[in-house]
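Novice: So here's input.pdb (PDB, C-alpha atoms and all ligand atoms).
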```pdb
MODEL        1
ATOM      1  CA  MET U   1     -58.819  25.622  49.085
ATOM      2  CA  SER U   2     -59.621  27.007  45.643
ATOM      3  CA  ILE U   3     -57.408  27.012  42.579
ATOM      4  CA  SER U   4     -57.317  29.492  39.680
ATOM      5  CA  THR U   5     -55.175  29.279  36.618
ATOM      6  CA  ALA U   6     -55.936  32.375  34.566
ATOM      7  CA  SER U   7     -57.119  35.796  35.716
ATOM      8  CA  THR U   8     -57.420  36.851  39.359
ATOM      9  CA  PRO U   9     -60.849  36.072  40.827
ATOM     10  CA  PRO U  10     -62.570  39.291  42.033
ATOM     11  CA  ALA U  11     -62.971  37.829  45.526
ATOM     12  CA  LEU U  12     -59.215  37.432  45.804
ATOM     13  CA  ALA U  13     -58.616  40.993  44.685
ATOM     14  CA  ALA U  14     -60.999  42.090  47.437
ATOM     15  CA  VAL U  15     -59.026  40.078  50.012
ATOM     16  CA  LEU U  16     -55.838  41.904  49.055
ATOM     17  CA  ARG U  17     -57.543  45.294  48.975
ATOM     18  CA  ALA U  18     -59.022  44.759  52.430
ATOM     19  CA  ALA U  19     -55.860  43.357  54.024
ATOM     20  CA  ARG U  20     -54.221  45.584  56.632
ATOM     21  CA  ARG U  21     -51.116  43.561  57.472
ATOM     22  CA  VAL U  22     -49.568  41.715  54.547
ATOM     23  CA  VAL U  23     -46.549  39.429  54.498
ATOM     24  CA  VAL U  24     -45.151  38.080  51.230
ATOM     25  CA  LEU U  25     -42.820  35.088  51.269
ATOM     26  CA  THR U  26     -40.831  34.537  48.089
ATOM     27  CA  GLY U  27     -38.500  31.868  46.753
ATOM     28  CA  ALA U  28     -36.395  31.245  43.687
ATOM     29  CA  GLY U  29     -39.440  30.941  41.395
ATOM     30  CA  VAL U  30     -40.075  34.707  41.463
ATOM     31  CA  SER U  31     -36.684  35.246  39.828
ATOM     32  CA  ALA U  32     -37.126  32.438  37.273
ATOM     33  CA  GLU U  33     -38.637  34.853  34.729
ATOM     34  CA  SER U  34     -35.547  37.045  35.141
ATOM     35  CA  GLY U  35     -33.437  34.091  34.029
ATOM     36  CA  VAL U  36     -32.087  33.101  37.455
ATOM     37  CA  PRO U  37     -32.134  29.305  37.888
ATOM     38  CA  THR U  38     -34.224  27.831  40.714
ATOM     39  CA  PHE U  39     -32.872  25.111  43.012
ATOM     40  CA  ARG U  40     -35.227  22.152  42.812
ATOM     41  CA  ASP U  41     -36.653  22.169  39.292
ATOM     42  CA  ALA U  42     -35.909  18.770  37.768
ATOM     43  CA  LEU U  43     -34.573  20.410  34.600
ATOM     44  CA  GLY U  44     -32.224  23.318  35.087
ATOM     45  CA  GLY U  45     -32.551  23.568  38.878
ATOM     46  CA  LEU U  46     -29.170  24.171  40.543
ATOM     47  CA  TRP U  47     -29.525  21.193  42.878
ATOM     48  CA  ALA U  48     -30.286  18.954  39.876
ATOM     49  CA  ARG U  49     -26.882  19.854  38.426
ATOM     50  CA  TYR U  50     -24.795  20.216  41.581
ATOM     51  CA  ASP U  51     -24.722  18.321  44.858
ATOM     52  CA  PRO U  52     -25.567  20.890  47.544
ATOM     53  CA  LEU U  53     -23.451  18.959  50.042
ATOM     54  CA  GLU U  54     -20.408  19.634  47.849
ATOM     55  CA  ILE U  55     -21.173  23.336  47.492
ATOM     56  CA  ALA U  56     -23.467  24.809  50.106
ATOM     57  CA  THR U  57     -22.233  23.568  53.480
ATOM     58  CA  PRO U  58     -19.521  24.713  55.914
ATOM     59  CA  SER U  59     -17.794  21.346  55.536
ATOM     60  CA  ALA U  60     -17.670  21.702  51.731
ATOM     61  CA  PHE U  61     -16.042  25.113  52.239
ATOM     62  CA  ALA U  62     -13.549  23.599  54.688
ATOM     63  CA  ARG U  63     -12.668  20.830  52.186
ATOM     64  CA  GLN U  64     -12.577  22.837  48.956
ATOM     65  CA  PRO U  65     -12.757  26.536  49.772
ATOM     66  CA  ARG U  66     -11.722  27.777  46.364
ATOM     67  CA  LEU U  67     -14.220  25.597  44.511
ATOM     68  CA  VAL U  68     -17.046  26.892  46.717
ATOM     69  CA  TRP U  69     -15.817  30.497  46.391
ATOM     70  CA  ASP U  70     -15.653  30.204  42.589
ATOM     71  CA  TRP U  71     -19.136  28.639  42.357
ATOM     72  CA  TYR U  72     -20.687  31.577  44.191
ATOM     73  CA  ALA U  73     -18.488  34.102  42.349
ATOM     74  CA  GLU U  74     -19.848  32.787  39.048
ATOM     75  CA  ARG U  75     -23.420  33.144  40.274
ATOM     76  CA  ARG U  76     -22.649  36.644  41.571
ATOM     77  CA  ASP U  77     -21.231  37.648  38.176
ATOM     78  CA  ALA U  78     -24.252  36.155  36.380
ATOM     79  CA  LEU U  79     -26.575  38.408  38.392
ATOM     80  CA  ARG U  80     -25.080  41.455  36.695
ATOM     81  CA  LEU U  81     -26.782  40.323  33.490
ATOM     82  CA  VAL U  82     -30.326  39.936  34.854
ATOM     83  CA  GLU U  83     -33.068  42.399  35.715
ATOM     84  CA  PRO U  84     -36.040  42.337  38.099
ATOM     85  CA  ASN U  85     -39.256  41.174  36.417
ATOM     86  CA  SER U  86     -42.920  42.179  36.582
ATOM     87  CA  GLY U  87     -43.463  39.932  39.632
ATOM     88  CA  HIS U  88     -40.784  41.777  41.627
ATOM     89  CA  ARG U  89     -42.303  45.096  40.561
ATOM     90  CA  ALA U  90     -45.829  44.041  41.517
ATOM     91  CA  LEU U  91     -44.604  43.410  45.060
ATOM     92  CA  VAL U  92     -43.278  46.975  45.194
ATOM     93  CA  ALA U  93     -46.744  48.135  44.129
ATOM     94  CA  ILE U  94     -48.342  46.167  46.978
ATOM     95  CA  GLU U  95     -45.847  47.571  49.490
ATOM     96  CA  ARG U  96     -46.801  51.112  48.403
ATOM     97  CA  ARG U  97     -50.490  50.444  49.016
ATOM     98  CA  VAL U  98     -50.435  48.468  52.251
ATOM     99  CA  GLY U  99     -49.388  50.261  55.420
ATOM    100  CA  ASP U 100     -48.107  47.255  57.310
ATOM    101  CA  PHE U 101     -46.124  45.205  54.802
ATOM    102  CA  LEU U 102     -43.128  42.909  55.008
ATOM    103  CA  LEU U 103     -41.469  41.005  52.182
ATOM    104  CA  VAL U 104     -39.649  37.917  53.439
ATOM    105  CA  THR U 105     -37.424  36.419  50.784
ATOM    106  CA  GLN U 106     -35.324  33.294  50.650
ATOM    107  CA  ASN U 107     -33.615  34.671  47.570
ATOM    108  CA  VAL U 108     -30.030  35.849  47.685
ATOM    109  CA  ASP U 109     -30.085  37.520  44.258
ATOM    110  CA  GLY U 110     -30.936  41.069  45.432
ATOM    111  CA  LEU U 111     -33.578  41.493  42.699
ATOM    112  CA  HIS U 112     -36.335  42.563  45.111
ATOM    113  CA  ALA U 113     -34.211  45.456  46.361
ATOM    114  CA  ARG U 114     -33.247  46.387  42.803
ATOM    115  CA  ALA U 115     -36.958  46.459  41.887
ATOM    116  CA  GLY U 116     -37.564  48.901  44.750
ATOM    117  CA  SER U 117     -38.759  46.757  47.680
ATOM    118  CA  ARG U 118     -37.776  48.405  50.947
ATOM    119  CA  SER U 119     -39.616  46.679  53.802
ATOM    120  CA  MET U 120     -37.776  43.426  53.397
ATOM    121  CA  VAL U 121     -36.033  40.605  55.202
ATOM    122  CA  GLU U 122     -33.446  38.455  53.419
ATOM    123  CA  LEU U 123     -33.640  35.173  55.299
ATOM    124  CA  HIS U 124     -30.828  33.433  53.440
ATOM    125  CA  GLY U 125     -28.437  36.376  53.049
ATOM    126  CA  ASN U 126     -27.314  38.143  49.903
ATOM    127  CA  LEU U 127     -24.976  36.837  47.252
ATOM    128  CA  ALA U 128     -23.595  40.292  46.493
ATOM    129  CA  ARG U 129     -22.142  40.539  50.013
ATOM    130  CA  VAL U 130     -18.929  38.892  51.121
ATOM    131  CA  ARG U 131     -17.911  38.351  54.722
ATOM    132  CA  CYS U 132     -15.050  37.060  56.792
ATOM    133  CA  SER U 133     -15.547  33.377  57.581
ATOM    134  CA  LEU U 134     -14.102  33.902  61.064
ATOM    135  CA  GLU U 135     -15.430  37.215  62.353
ATOM    136  CA  ASP U 136     -18.505  37.712  60.118
ATOM    137  CA  ARG U 137     -17.305  41.197  59.175
ATOM    138  CA  ILE U 138     -18.666  42.363  55.789
ATOM    139  CA  VAL U 139     -15.843  43.081  53.343
ATOM    140  CA  ASP U 140     -16.215  45.300  50.260
ATOM    141  CA  ARG U 141     -12.975  44.687  48.400
ATOM    142  CA  TRP U 142     -10.819  41.693  47.796
ATOM    143  CA  ASP U 143      -8.416  40.228  45.287
ATOM    144  CA  ALA U 144      -8.953  36.653  44.174
ATOM    145  CA  PRO U 145      -5.479  35.095  44.357
ATOM    146  CA  PRO U 146      -4.325  32.466  41.886
ATOM    147  CA  GLY U 147      -4.217  28.922  43.238
ATOM    148  CA  ASP U 148      -6.404  26.898  45.574
ATOM    149  CA  GLU U 149      -7.379  29.496  48.129
ATOM    150  CA  PRO U 150     -10.206  32.027  48.200
ATOM    151  CA  PRO U 151      -9.399  35.664  48.963
ATOM    152  CA  ARG U 152      -8.510  36.466  52.553
ATOM    153  CA  CYS U 153      -9.991  38.969  54.994
ATOM    154  CA  PRO U 154      -7.905  42.176  54.944
ATOM    155  CA  HIS U 155      -8.371  42.495  58.733
ATOM    156  CA  CYS U 156      -7.653  39.033  60.130
ATOM    157  CA  GLY U 157      -6.451  36.927  57.198
ATOM    158  CA  ALA U 158      -9.208  34.299  57.399
ATOM    159  CA  PHE U 159     -10.847  33.134  54.176
ATOM    160  CA  LEU U 160     -13.664  35.249  52.798
ATOM    161  CA  ARG U 161     -16.996  33.596  52.011
ATOM    162  CA  PRO U 162     -20.318  34.644  50.463
ATOM    163  CA  ASP U 163     -22.778  36.154  52.966
ATOM    164  CA  VAL U 164     -25.387  33.474  52.321
ATOM    165  CA  VAL U 165     -26.821  30.809  54.591
ATOM    166  CA  TRP U 166     -25.558  27.301  53.926
ATOM    167  CA  PHE U 167     -27.173  24.002  54.840
ATOM    168  CA  GLU U 168     -26.330  23.064  58.452
ATOM    169  CA  GLU U 169     -26.181  26.766  59.390
ATOM    170  CA  GLY U 170     -28.662  28.877  61.318
ATOM    171  CA  LEU U 171     -30.485  31.797  59.735
ATOM    172  CA  PRO U 172     -29.649  35.381  60.738
ATOM    173  CA  ALA U 173     -31.490  35.544  64.079
ATOM    174  CA  GLU U 174     -32.828  39.073  63.760
ATOM    175  CA  ALA U 175     -34.176  38.486  60.244
ATOM    176  CA  LEU U 176     -35.900  35.269  61.298
ATOM    177  CA  ALA U 177     -37.421  36.868  64.399
ATOM    178  CA  ARG U 178     -38.789  39.744  62.299
ATOM    179  CA  ALA U 179     -40.282  37.321  59.763
ATOM    180  CA  GLU U 180     -41.860  35.135  62.441
ATOM    181  CA  ASP U 181     -43.314  38.107  64.270
ATOM    182  CA  ALA U 182     -44.823  39.465  61.039
ATOM    183  CA  ALA U 183     -46.229  36.016  60.168
ATOM    184  CA  ASP U 184     -47.904  35.844  63.579
ATOM    185  CA  ARG U 185     -49.526  39.263  63.113
ATOM    186  CA  CYS U 186     -50.504  39.401  59.433
ATOM    187  CA  ASP U 187     -54.017  38.995  58.070
ATOM    188  CA  LEU U 188     -52.807  37.950  54.597
ATOM    189  CA  MET U 189     -49.736  36.014  53.519
ATOM    190  CA  ILE U 190     -48.863  35.631  49.835
ATOM    191  CA  VAL U 191     -46.377  32.839  49.140
ATOM    192  CA  ALA U 192     -44.800  33.031  45.687
ATOM    193  CA  GLY U 193     -42.252  30.909  43.862
ATOM    194  CA  THR U 194     -41.117  28.614  46.633
ATOM    195  CA  SER U 195     -41.181  24.826  46.820
ATOM    196  CA  ALA U 196     -42.044  25.320  50.527
ATOM    197  CA  GLU U 197     -39.686  22.507  51.463
ATOM    198  CA  VAL U 198     -36.925  24.289  53.346
ATOM    199  CA  LEU U 199     -37.368  25.121  57.011
ATOM    200  CA  PRO U 200     -37.720  27.453  58.786
ATOM    201  CA  ALA U 201     -39.059  29.566  55.887
ATOM    202  CA  ALA U 202     -41.579  26.872  54.950
ATOM    203  CA  ALA U 203     -43.108  27.084  58.432
ATOM    204  CA  LEU U 204     -43.959  30.792  58.104
ATOM    205  CA  PRO U 205     -47.216  30.286  56.139
ATOM    206  CA  LEU U 206     -48.289  27.672  58.687
ATOM    207  CA  ARG U 207     -47.681  30.170  61.506
ATOM    208  CA  ALA U 208     -49.719  32.777  59.630
ATOM    209  CA  LYS U 209     -52.525  30.316  59.074
ATOM    210  CA  ARG U 210     -52.539  29.303  62.749
ATOM    211  CA  ALA U 211     -52.802  32.969  63.690
ATOM    212  CA  GLY U 212     -55.900  33.323  61.484
ATOM    213  CA  ALA U 213     -54.417  34.833  58.302
ATOM    214  CA  ARG U 214     -55.450  33.900  54.784
ATOM    215  CA  VAL U 215     -52.758  32.309  52.669
ATOM    216  CA  ILE U 216     -52.521  32.707  48.889
ATOM    217  CA  GLU U 217     -49.991  30.553  47.048
ATOM    218  CA  ILE U 218     -48.632  31.537  43.627
ATOM    219  CA  ASN U 219     -46.792  28.735  41.884
ATOM    220  CA  PRO U 220     -47.258  26.948  38.532
ATOM    221  CA  ASP U 221     -46.675  23.635  40.337
ATOM    222  CA  ALA U 222     -48.133  21.982  43.421
ATOM    223  CA  THR U 223     -46.170  22.154  46.680
ATOM    224  CA  PRO U 224     -46.737  20.833  50.202
ATOM    225  CA  LEU U 225     -48.294  24.236  50.948
ATOM    226  CA  SER U 226     -50.966  23.918  48.252
ATOM    227  CA  ALA U 227     -53.280  21.832  50.438
ATOM    228  CA  VAL U 228     -52.981  24.321  53.290
ATOM    229  CA  ALA U 229     -53.388  27.533  51.281
ATOM    230  CA  ASP U 230     -56.814  29.183  51.116
ATOM    231  CA  HIS U 231     -56.299  29.993  47.487
ATOM    232  CA  VAL U 232     -53.790  28.871  44.871
ATOM    233  CA  LEU U 233     -52.917  30.804  41.719
ATOM    234  CA  ARG U 234     -51.406  28.200  39.397
ATOM    235  CA  ALA U 235     -49.446  30.613  37.256
ATOM    236  CA  PRO U 236     -45.973  32.150  36.986
ATOM    237  CA  SER U 237     -45.512  34.979  39.481
ATOM    238  CA  GLY U 238     -44.545  37.396  36.690
ATOM    239  CA  GLU U 239     -48.131  37.067  35.457
ATOM    240  CA  ALA U 240     -50.102  36.292  38.609
ATOM    241  CA  LEU U 241     -48.713  39.095  40.806
ATOM    242  CA  PRO U 242     -49.311  41.978  38.335
ATOM    243  CA  SER U 243     -52.760  40.566  37.610
ATOM    244  CA  LEU U 244     -53.532  40.457  41.343
ATOM    245  CA  VAL U 245     -52.388  44.070  41.785
ATOM    246  CA  ALA U 246     -54.354  45.284  38.768
ATOM    247  CA  ALA U 247     -57.494  43.504  40.002
ATOM    248  CA  ALA U 248     -57.128  44.847  43.546
ATOM    249  CA  TRP U 249     -56.438  48.462  42.526
ATOM    250  CA  PRO U 250     -57.878  48.844  39.000
ATOM    251  CA  ASP U 251     -57.636  52.639  39.109
ATOM    252  CA  ALA U 252     -53.882  52.575  39.709
ATOM    253  CA  SER U 253     -52.485  54.744  36.916
ATOM    254  CA  GLU U 254     -49.228  52.858  36.580
ATOM    255  CA  GLY U 255     -51.037  49.520  36.250
ATOM    256  CA  GLY U 256     -50.159  48.766  39.833
ATOM    257  CA  GLY U 257     -46.606  49.836  39.153
ATOM    258  CA  ALA U 258     -46.150  46.313  37.997
ATOM    259  CA  LYS U 259     -45.810  46.423  34.243
TER     260      LYS U 259
HETATM  261  P1  LIG J   1     -36.918  25.909  44.839
HETATM  262  O1  LIG J   1     -36.049  25.732  43.653
HETATM  263  O2  LIG J   1     -36.927  24.824  45.863
HETATM  264  O3  LIG J   1     -38.426  26.110  44.370
HETATM  265  C1  LIG J   1     -38.760  27.026  43.351
HETATM  266  C2  LIG J   1     -40.258  26.990  43.188
HETATM  267  O4  LIG J   1     -40.604  28.008  42.255
HETATM  268  C3  LIG J   1     -40.818  25.673  42.665
HETATM  269  O5  LIG J   1     -41.905  25.260  43.490
HETATM  270  C4  LIG J   1     -41.306  26.015  41.255
HETATM  271  O6  LIG J   1     -42.491  25.311  40.906
HETATM  272  C5  LIG J   1     -41.600  27.486  41.402
HETATM  273  N1  LIG J   1     -41.526  28.269  40.163
HETATM  274  C6  LIG J   1     -40.787  28.031  39.051
HETATM  275  N2  LIG J   1     -40.992  29.009  38.150
HETATM  276  C7  LIG J   1     -41.871  29.880  38.703
HETATM  277  C8  LIG J   1     -42.473  31.109  38.278
HETATM  278  N3  LIG J   1     -42.203  31.647  37.090
HETATM  279  N4  LIG J   1     -43.338  31.725  39.117
HETATM  280  C9  LIG J   1     -43.609  31.197  40.329
HETATM  281  N5  LIG J   1     -43.071  30.048  40.793
HETATM  282  C10 LIG J   1     -42.211  29.403  39.988
HETATM  283  O7  LIG J   1     -36.527  27.322  45.487
HETATM  284  P2  LIG J   1     -36.819  27.845  46.971
HETATM  285  O8  LIG J   1     -38.149  27.413  47.436
HETATM  286  O9  LIG J   1     -36.508  29.286  46.957
HETATM  287  O10 LIG J   1     -31.452  27.908  50.232
HETATM  288  O11 LIG J   1     -35.704  27.080  47.781
HETATM  289  C11 LIG J   1     -35.566  27.349  49.136
HETATM  290  C12 LIG J   1     -34.112  27.327  49.521
HETATM  291  O12 LIG J   1     -33.524  26.090  49.130
HETATM  292  C13 LIG J   1     -33.263  28.354  48.793
HETATM  293  O13 LIG J   1     -33.302  29.634  49.388
HETATM  294  C14 LIG J   1     -31.896  27.773  48.883
HETATM  295  C15 LIG J   1     -32.220  26.342  48.541
HETATM  296  O14 LIG J   1     -31.327  25.394  49.004
HETATM  297  C16 LIG J   1     -30.200  28.222  50.486
HETATM  298  O15 LIG J   1     -29.362  28.380  49.624
HETATM  299  C17 LIG J   1     -29.923  28.384  51.949
ENDMDL
END
```
Kindly return the structure encoded in the file as structure tokens.

Specialist:
Amino acid sequence: MSISTASTPPALAAVLRAARRVVVLTGAGVSAESGVPTFRDALGGLWARYDPLEIATPSAFARQPRLVWDWYAERRDALRLVEPNSGHRALVAIERRVGDFLLVTQNVDGLHARAGSRSMVELHGNLARVRCSLEDRIVDRWDAPPGDEPPRCPHCGAFLRPDVVWFEEGLPAEALARAEDAADRCDLMIVAGTSAEVLPAAALPLRAKRAGARVIEINPDATPLSAVADHVLRAPSGEALPSLVAAAWPDASEGGGAK
């Protein structure tokens, strides 16, 4: 394993340029420079300020549905004020240049799609979507009633909930299968902005490695993945990803499309 802190080493740029099948796994850290809080940072991380068992579980929703609904509604509203950053845009630039590309994100903030990523799997759902807690039907419109209850499904009357994955719940099966298949087939996996602590997402780089892929980690801090990665860029993704793109494709007129 090698570690770099400043500019992209030329050898790493060559690895990206030569890669034919690339998977990128992202976590909350890639949205940190957009102003979206991460989960596990000691200062400012959401799970440092809130107990996930009181917010992000089916039993919390059963106990206090309105509190859980309001917590996610606040986060959904806050997303209207943020924009994708240069890290999100650099991933769009990579997607444009690599034929076989899949972005696997744990993020529910929708910023990758807003930046222009298309070949993408959202493993933990999307905060902007709301679904029926009984029938899983996606619902576009609702009225938040006064009182202790969240809005109800216009079709069956069950409570509505955010379309995100909670602790104790399984991931969307199709999304996970697509991510695992891509991890098994890729020759390069870039892992950016995740603490690599939450399964099954955290197992994807290990699958890629087992299948013979190179793994590059981008994170200002060490994670359990750091010892496994072939190369670590110890820098914020909003700097490291554009620098990687610019080094891999220096002739790209739009600076890798990442500025
Ligand atoms: P975490 O909050 O666990 O980890 C964020 C990571 O991003 C940390 O390792 C930070 O060091 C790193 N980081 C911070 N700023 C960064 C920057 N500018 N550039 C790059 N990295 C930076 O978030 P996740 O790994 O995404 O699940 O958490 C995984 C899952 O746990 C989330 O999807 C969520 C949470 O519970 C659900 O809600 C289901």

Novice: Go through chain U residue by residue and, counting all atoms listed in the file, keep those with an atom at most 9 Å from ligand LIG 1 (chain J); for each kept residue give the shortest atom pair and its distance in Å to one decimal, ordered by chain and increasing number, as JSON lines.

Specialist:
```
{"residue": "U:Thr26", "atom": "CA", "partner": "J:LIG1", "partner_atom": "O9", "distance": 6.9}
{"residue": "U:Gly27", "atom": "CA", "partner": "J:LIG1", "partner_atom": "O9", "distance": 3.3}
{"residue": "U:Ala28", "atom": "CA", "partner": "J:LIG1", "partner_atom": "O9", "distance": 3.8}
{"residue": "U:Gly29", "atom": "CA", "partner": "J:LIG1", "partner_atom": "O4", "distance": 3.3}
{"residue": "U:Val30", "atom": "CA", "partner": "J:LIG1", "partner_atom": "N4", "distance": 5.0}
{"residue": "U:Ser31", "atom": "CA", "partner": "J:LIG1", "partner_atom": "N3", "distance": 7.1}
{"residue": "U:Ala32", "atom": "CA", "partner": "J:LIG1", "partner_atom": "N3", "distance": 5.1}
{"residue": "U:Glu33", "atom": "CA", "partner": "J:LIG1", "partner_atom": "N3", "distance": 5.3}
{"residue": "U:Ser34", "atom": "CA", "partner": "J:LIG1", "partner_atom": "N3", "distance": 8.8}
{"residue": "U:Pro37", "atom": "CA", "partner": "J:LIG1", "partner_atom": "O1", "distance": 7.8}
{"residue": "U:Thr38", "atom": "CA", "partner": "J:LIG1", "partner_atom": "O1", "distance": 4.0}
{"residue": "U:Phe39", "atom": "CA", "partner": "J:LIG1", "partner_atom": "O1", "distance": 3.3}
{"residue": "U:Arg40", "atom": "CA", "partner": "J:LIG1", "partner_atom": "O1", "distance": 3.8}
{"residue": "U:Asp41", "atom": "CA", "partner": "J:LIG1", "partner_atom": "O1", "distance": 5.7}
{"residue": "U:Gly45", "atom": "CA", "partner": "J:LIG1", "partner_atom": "O1", "distance": 6.3}
{"residue": "U:Leu46", "atom": "CA", "partner": "J:LIG1", "partner_atom": "O1", "distance": 7.7}
{"residue": "U:Trp47", "atom": "CA", "partner": "J:LIG1", "partner_atom": "O14", "distance": 7.6}
{"residue": "U:Pro52", "atom": "CA", "partner": "J:LIG1", "partner_atom": "O14", "distance": 7.5}
{"residue": "U:Ala56", "atom": "CA", "partner": "J:LIG1", "partner_atom": "O15", "distance": 6.9}
{"residue": "U:Gly87", "atom": "CA", "partner": "J:LIG1", "partner_atom": "N4", "distance": 8.2}
{"residue": "U:Thr105", "atom": "CA", "partner": "J:LIG1", "partner_atom": "O13", "distance": 8.1}
{"residue": "U:Gln106", "atom": "CA", "partner": "J:LIG1", "partner_atom": "O13", "distance": 4.4}
{"residue": "U:Asn107", "atom": "CA", "partner": "J:LIG1", "partner_atom": "O13", "distance": 5.4}
{"residue": "U:Val108", "atom": "CA", "partner": "J:LIG1", "partner_atom": "O13", "distance": 7.2}
{"residue": "U:Leu123", "atom": "CA", "partner": "J:LIG1", "partner_atom": "O13", "distance": 8.1}
{"residue": "U:His124", "atom": "CA", "partner": "J:LIG1", "partner_atom": "C17", "distance": 5.3}
{"residue": "U:Gly125", "atom": "CA", "partner": "J:LIG1", "partner_atom": "C17", "distance": 8.2}
{"residue": "U:Val164", "atom": "CA", "partner": "J:LIG1", "partner_atom": "C17", "distance": 6.8}
{"residue": "U:Val165", "atom": "CA", "partner": "J:LIG1", "partner_atom": "C17", "distance": 4.7}
{"residue": "U:Trp166", "atom": "CA", "partner": "J:LIG1", "partner_atom": "C17", "distance": 4.9}
{"residue": "U:Phe167", "atom": "CA", "partner": "J:LIG1", "partner_atom": "C17", "distance": 5.9}
{"residue": "U:Glu169", "atom": "CA", "partner": "J:LIG1", "partner_atom": "C17", "distance": 8.5}
{"residue": "U:Leu171", "atom": "CA", "partner": "J:LIG1", "partner_atom": "C17", "distance": 8.5}
{"residue": "U:Ala192", "atom": "CA", "partner": "J:LIG1", "partner_atom": "C9", "distance": 5.8}
{"residue": "U:Gly193", "atom": "CA", "partner": "J:LIG1", "partner_atom": "N5", "distance": 3.3}
{"residue": "U:Thr194", "atom": "CA", "partner": "J:LIG1", "partner_atom": "O8", "distance": 3.3}
{"residue": "U:Ser195", "atom": "CA", "partner": "J:LIG1", "partner_atom": "O5", "distance": 3.4}
{"residue": "U:Ala196", "atom": "CA", "partner": "J:LIG1", "partner_atom": "O8", "distance": 5.4}
{"residue": "U:Glu197", "atom": "CA", "partner": "J:LIG1", "partner_atom": "O8", "distance": 6.5}
{"residue": "U:Val198", "atom": "CA", "partner": "J:LIG1", "partner_atom": "C11", "distance": 5.4}
{"residue": "U:Leu199", "atom": "CA", "partner": "J:LIG1", "partner_atom": "C11", "distance": 8.4}
{"residue": "U:Ala201", "atom": "CA", "partner": "J:LIG1", "partner_atom": "C11", "distance": 7.9}
{"residue": "U:Ala202", "atom": "CA", "partner": "J:LIG1", "partner_atom": "O8", "distance": 8.3}
{"residue": "U:Ile218", "atom": "CA", "partner": "J:LIG1", "partner_atom": "C9", "distance": 6.0}
{"residue": "U:Asn219", "atom": "CA", "partner": "J:LIG1", "partner_atom": "N5", "distance": 4.1}
{"residue": "U:Pro220", "atom": "CA", "partner": "J:LIG1", "partner_atom": "O6", "distance": 5.6}
{"residue": "U:Asp221", "atom": "CA", "partner": "J:LIG1", "partner_atom": "O6", "distance": 4.5}
{"residue": "U:Ala222", "atom": "CA", "partner": "J:LIG1", "partner_atom": "O6", "distance": 7.0}
{"residue": "U:Thr223", "atom": "CA", "partner": "J:LIG1", "partner_atom": "O5", "distance": 6.2}
{"residue": "U:Arg234", "atom": "CA", "partner": "J:LIG1", "partner_atom": "C9", "distance": 8.4}
{"residue": "U:Ala235", "atom": "CA", "partner": "J:LIG1", "partner_atom": "N4", "distance": 6.5}
{"residue": "U:Pro236", "atom": "CA", "partner": "J:LIG1", "partner_atom": "N4", "distance": 3.4}
{"residue": "U:Ser237", "atom": "CA", "partner": "J:LIG1", "partner_atom": "N4", "distance": 3.9}
{"residue": "U:Gly238", "atom": "CA", "partner": "J:LIG1", "partner_atom": "N3", "distance": 6.2}
{"residue": "U:Glu239", "atom": "CA", "partner": "J:LIG1", "partner_atom": "N4", "distance": 8.1}
{"residue": "U:Ala240", "atom": "CA", "partner": "J:LIG1", "partner_atom": "N4", "distance": 8.2}
```

Novice: Where does the PyMOL selection byres (((chain U and resi 244) around 12) and not hetatm) land in this file, that is, which residues does it pick, as a ChimeraX atom specification?

Specialist: /U:4,6-17,86-87,90-91,93-94,190,216-218,233,235,237-243,245-250,255-258

Novice: So how many Å separate CA of Arg214 in chain U and CA of Arg118 in chain U, to one decimal?

Specialist: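 So the two atoms, CA of Arg214 in chain U and CA of Arg118 in chain U, lie 23.2 Å apart.
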
Novice: Written as a list in words, which residues does the PyMOL selection byres (((chain U and resi 207) around 10) and not hetatm) give for the file shown?

Specialist: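 The output of the PyMOL selection byres (((chain U and resi 207) around 10) and not hetatm) on this file is Glu180, Asp181, Ala182, Ala183, Asp184, Arg185, Cys186, Ala202, Ala203, Leu204, Pro205, Leu206, Ala208, Lys209, Arg210, Ala211, Gly212 and Ala213 of chain U.
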
Novice: Can you tell me which residues surround Ile3 in chain U at a distance of at most 9 Å, considering only C-alpha atoms, apart from same-chain residues fewer than 2 positions away, and format the answer as a list in words?

Specialist: Met1, Thr5, Asp230, His231, Val232, Leu233 and Arg234 of chain U

Novice: Report the residues retrieved by the PyMOL selection byres (((chain U and resi 70) around 12) and not hetatm) from the displayed file, expressed as number ranges by chain.

Specialist: U: 55, 61, 64-69, 71-77, 144-151, 160-162

Novice: For the selection you just gave me, I'd like the residues written to a file as a short mmCIF file (atom, residue, chain, number, x, y, z; two decimals), in the coordinates of the input, keeping C-alpha atoms.

Specialist:
```cif
data_model
loop_
_atom_site.label_atom_id
_atom_site.label_comp_id
_atom_site.auth_asym_id
_atom_site.auth_seq_id
_atom_site.Cartn_x
_atom_site.Cartn_y
_atom_site.Cartn_z
CA ILE U 55 -21.17 23.34 47.49
CA PHE U 61 -16.04 25.11 52.24
CA GLN U 64 -12.58 22.84 48.96
CA PRO U 65 -12.76 26.54 49.77
CA ARG U 66 -11.72 27.78 46.36
CA LEU U 67 -14.22 25.60 44.51
CA VAL U 68 -17.05 26.89 46.72
CA TRP U 69 -15.82 30.50 46.39
CA TRP U 71 -19.14 28.64 42.36
CA TYR U 72 -20.69 31.58 44.19
CA ALA U 73 -18.49 34.10 42.35
CA GLU U 74 -19.85 32.79 39.05
CA ARG U 75 -23.42 33.14 40.27
CA ARG U 76 -22.65 36.64 41.57
CA ASP U 77 -21.23 37.65 38.18
CA ALA U 144 -8.95 36.65 44.17
CA PRO U 145 -5.48 35.10 44.36
CA PRO U 146 -4.32 32.47 41.89
CA GLY U 147 -4.22 28.92 43.24
CA ASP U 148 -6.40 26.90 45.57
CA GLU U 149 -7.38 29.50 48.13
CA PRO U 150 -10.21 32.03 48.20
CA PRO U 151 -9.40 35.66 48.96
CA LEU U 160 -13.66 35.25 52.80
CA ARG U 161 -17.00 33.60 52.01
CA PRO U 162 -20.32 34.64 50.46
#
```
